[in-house]
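J.: Input: one structure, supplied below.
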Amino acid sequence: MSIELELHCKLKPRVSSIEQLIKPFGWEIWYERGHSSYFFRYESENYESTTGCWLYLQKPDKFSPKGTKIVFQASSPDGRSYEDLEAQNKIIRLLKEKYGGVLFNSQEGTRSYIVNDIAKLSASEKACGFSYISFQRNLQRIRSTLDFNKKQPNLPIKDYESFHHFIDTKIISTNTLIPFLISCFEAFLKDFFVTYVDTNKSIQEKFFNSKEKLSPRDLKDILNKNLSIGQLISNSYKFQNLDSSNAAYNNYLDFDLLKALGKKKKIRKKLYRINNLIREILNFRHKIVHEAYLDSDLNDGVIELYVSCLEMAGKLIVENFLNEKNFKIDLEGTL
């Protein structure tokens with residue numbers, strides 16, 4: 001749900017004057033059409049913003065105080081960060097100091113600024129949170145693909161190995177989801193690791209104080225910001241391998257990945273040890289990619305089980321980071 005804060009003003013400054021006033025604070029004009037223009041602010045430095053916030057120039061309505069010539073409306077969508085909401089309050093405060101006017105807080109029905117009670121997350125929490133959201137959305141894409149495939153007709157194609165046997169095209173489409181499914185999990189583990197390292201100076205210092213030697217090329221790339229410390233370290237590990245991933249997390253994040261994923265969880269009314277099920281998917285992926293293997297018995301139900309397994313794996317990582325480090329990764333559940 002969006003939160004709006006309005007300033008009803010009896011002055012009607014030129015749009016160019018408004019832009020000149022607010023631009024130093026990170027606001028950029030997004031749509032320019034006289035006094036129907038609007039501005040946007042998104043601060044990516046240190047992962048300050050999660051959604052950004054908007055400033056709309058609007059005509060007065062029947063609820064505006066008499067004599068109002070323009071309404072400034074600052075708005076932020078659901079999922080806003082603490083800093084986004086602060087920027088929303090600050091821009092209206094700045095405009096009020098410059099042009100005067102009457103406040104209206106539609107959220108609370110008062111003439112006051114918005115109370116900012118959003119959890120203030122660290123750059124590291126937000127960066128890793130974005131990785132988690134991306135992972136969740138990729139899993140949802142796979143589920144959407146399964147829903148789409150269910151509506152498609154079965155089209156048999158000739159299997160030339162047997163000359164007389166035909167296989168369903170759905171078998172191919174279902175099998176080829178496995179490599180993408182593992183790629184989603186691999187990307188999550190790697191992105192999470194890289195962003196965590198890159199937003200934690202203590203880990204970077206630990207790396208530089210270790211006996212690891214930097215090649216001249218790596219040093220040059222780091223100095224030129226073509227390579228981050230997290231990316232450099234991640235190159236030494238294989239994140240499609242659970243044991244290698246666990247070594248990376250243990251060595252640098254002080255987090256036992258296999259312990260977190262070693263719990264039994266109920267999926268579709270049956271108990272599974274999550275890390276064992278992940279290894280099963282990994283082995284399946286290896287056969288498909290390197291041996292062009294197709295399992296004719298693989299169906300949507302098995303894929304849905306695998307998707308639920310990796311979804312549960314993500315939740316376990318999030319829960320354990322919260323419990324062990326008070327590290328809040330689930331942005332959608334926190335903000």
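Here, A, B, ... name the chains of the structure tokens in the order displayed, residue numbers run from 1 inside each chain, and ligands are numbered from 1 in the same displayed order.
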Can you pull out every residue within 10 Å of A:Ile317, counting only C-alpha atoms, but drop anything in the same chain fewer than 4 positions away, and send it as a ChimeraX atom specification?

T.: /A:132,189,255-261,312-313,321-323,329

J.: Tell me which of A:Ala123, A:Cys184, A:Leu232, A:Ile171 sits closest to A:Thr199, counting only C-alpha atoms.

T.: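 Checking each of A:Ala123, A:Cys184, A:Leu232, A:Ile171 against A:Thr199, counting only C-alpha atoms, the winner is A:Ala123.
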
J.: Pick the closest to A:Lys151 from A:Lys23, A:His35, A:Lys170, A:Lys225: which is it, counting only C-alpha atoms?

T.: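 Going through A:Lys23, A:His35, A:Lys170, A:Lys225 one by one, the smallest distance to A:Lys151 is for A:Lys170.
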
J.: With DSSP run on the backbone, what are the alpha helix (DSSP H) residues within stretch 147-329 of chain A? I'd like them as a PyMOL selection string.

T.: chain A and resi 147-150+169-175+177-198+201-209+216-223+229-234+242-248+257-261+274-291+300-325

J.: Output the selection as a CSV table (one decimal), in the first residue's frame - C-alpha atoms for each residue.

T.:
```
chain,number,residue,atom,x,y,z
A,147,ASP,CA,1.0,-23.9,-15.2
A,148,PHE,CA,1.5,-23.0,-18.9
A,149,ASN,CA,2.8,-26.4,-19.8
A,150,LYS,CA,-0.3,-28.1,-18.3
A,169,THR,CA,7.5,-33.0,-26.1
A,170,LYS,CA,6.5,-32.2,-22.5
A,171,ILE,CA,9.1,-34.7,-21.3
A,172,ILE,CA,11.8,-32.4,-22.9
A,173,SER,CA,10.3,-29.2,-21.6
A,174,THR,CA,9.9,-30.7,-18.1
A,175,ASN,CA,13.5,-32.1,-18.0
A,177,LEU,CA,13.5,-27.0,-16.3
A,178,ILE,CA,15.9,-28.9,-13.9
A,179,PRO,CA,19.1,-27.1,-15.1
A,180,PHE,CA,17.4,-23.7,-14.8
A,181,LEU,CA,16.1,-24.6,-11.3
A,182,ILE,CA,19.6,-25.4,-10.2
A,183,SER,CA,20.9,-22.2,-11.8
A,184,CYS,CA,18.4,-20.2,-9.8
A,185,PHE,CA,19.7,-21.8,-6.6
A,186,GLU,CA,23.4,-21.4,-7.6
A,187,ALA,CA,22.8,-17.8,-8.5
A,188,PHE,CA,21.2,-17.1,-5.1
A,189,LEU,CA,24.0,-18.8,-3.1
A,190,LYS,CA,26.6,-16.9,-5.1
A,191,ASP,CA,24.9,-13.5,-5.2
A,192,PHE,CA,24.1,-13.7,-1.5
A,193,PHE,CA,27.7,-14.6,-0.7
A,194,VAL,CA,29.2,-11.8,-2.9
A,195,THR,CA,26.8,-9.1,-1.6
A,196,TYR,CA,27.4,-10.1,2.0
A,197,VAL,CA,31.2,-9.9,1.5
A,198,ASP,CA,31.0,-6.7,-0.4
A,201,LYS,CA,34.4,-4.4,5.7
A,202,SER,CA,35.5,-6.8,8.4
A,203,ILE,CA,35.3,-9.7,6.0
A,204,GLN,CA,37.2,-7.8,3.4
A,205,GLU,CA,39.9,-7.0,6.0
A,206,LYS,CA,40.1,-10.6,6.9
A,207,PHE,CA,40.7,-11.5,3.3
A,208,PHE,CA,43.5,-8.9,2.9
A,209,ASN,CA,45.1,-10.0,6.1
A,216,PRO,CA,48.6,-7.9,-10.5
A,217,ARG,CA,45.6,-8.2,-12.8
A,218,ASP,CA,43.1,-8.8,-9.9
A,219,LEU,CA,44.6,-5.9,-8.0
A,220,LYS,CA,44.2,-3.6,-11.0
A,221,ASP,CA,40.6,-4.8,-11.5
A,222,ILE,CA,39.8,-4.1,-7.9
A,223,LEU,CA,41.3,-0.7,-7.9
A,229,ILE,CA,36.4,-8.5,-3.3
A,230,GLY,CA,33.3,-10.7,-3.0
A,231,GLN,CA,33.5,-11.6,-6.7
A,232,LEU,CA,37.2,-12.4,-6.4
A,233,ILE,CA,36.7,-14.7,-3.5
A,234,SER,CA,33.6,-16.4,-5.1
A,242,LEU,CA,26.9,-27.9,-1.9
A,243,ASP,CA,30.2,-28.8,-0.2
A,244,SER,CA,32.1,-26.0,-2.0
A,245,SER,CA,29.3,-23.5,-1.2
A,246,ASN,CA,29.5,-24.6,2.4
A,247,ALA,CA,33.2,-24.1,2.5
A,248,ALA,CA,32.8,-20.5,1.2
A,257,LEU,CA,25.2,-23.9,5.2
A,258,LEU,CA,24.9,-27.7,5.4
A,259,LYS,CA,23.8,-27.5,9.0
A,260,ALA,CA,21.0,-25.1,8.0
A,261,LEU,CA,19.9,-27.2,5.1
A,274,ILE,CA,16.5,-30.7,2.5
A,275,ASN,CA,20.2,-31.1,1.7
A,276,ASN,CA,19.7,-34.7,0.5
A,277,LEU,CA,16.9,-33.6,-1.8
A,278,ILE,CA,19.1,-30.8,-3.2
A,279,ARG,CA,21.8,-33.3,-3.9
A,280,GLU,CA,19.3,-35.4,-5.8
A,281,ILE,CA,18.4,-32.4,-8.0
A,282,LEU,CA,22.0,-31.6,-8.5
A,283,ASN,CA,22.8,-35.1,-9.7
A,284,PHE,CA,19.8,-35.0,-12.0
A,285,ARG,CA,20.9,-31.7,-13.4
A,286,HIS,CA,24.4,-33.1,-14.1
A,287,LYS,CA,23.0,-36.0,-16.1
A,288,ILE,CA,20.8,-33.7,-18.2
A,289,VAL,CA,23.5,-31.2,-19.0
A,290,HIS,CA,26.5,-33.6,-19.5
A,291,GLU,CA,24.8,-36.7,-20.7
A,300,ASP,CA,5.1,-31.8,-13.1
A,301,GLY,CA,4.6,-33.2,-9.6
A,302,VAL,CA,8.3,-34.0,-9.3
A,303,ILE,CA,9.3,-30.5,-10.5
A,304,GLU,CA,6.8,-28.9,-8.1
A,305,LEU,CA,8.5,-31.0,-5.3
A,306,TYR,CA,11.9,-29.8,-6.4
A,307,VAL,CA,10.7,-26.1,-6.5
A,308,SER,CA,9.2,-26.4,-3.1
A,309,CYS,CA,12.5,-28.0,-1.8
A,310,LEU,CA,14.6,-25.0,-3.0
A,311,GLU,CA,12.0,-22.6,-1.8
A,312,MET,CA,12.3,-24.3,1.7
A,313,ALA,CA,16.1,-24.1,1.4
A,314,GLY,CA,15.9,-20.4,0.9
A,315,LYS,CA,13.6,-20.0,3.9
A,316,LEU,CA,16.0,-22.1,6.1
A,317,ILE,CA,19.0,-19.9,5.1
A,318,VAL,CA,16.9,-16.7,5.9
A,319,GLU,CA,15.7,-18.1,9.2
A,320,ASN,CA,19.1,-19.3,10.4
A,321,PHE,CA,20.8,-16.0,9.5
A,322,LEU,CA,18.1,-14.2,11.5
A,323,ASN,CA,18.4,-16.6,14.5
A,324,GLU,CA,22.2,-16.7,14.5
A,325,LYS,CA,23.2,-13.2,13.5
```

J.: Could you tell me how far atom CA of A:Glu125 lies from atom CA of A:Phe25, in Å and to one decimal?

T.: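 A separation of 24.2 Å between them.
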
J.: Determine which residues of stretch 83-311 of chain A receive a DSSP assignment of strand (DSSP E), computed from the backbone, and state them as a VMD selection string.

T.: chain A and resid 102 to 105 156 to 159 165 to 168 264 to 267 270 to 273
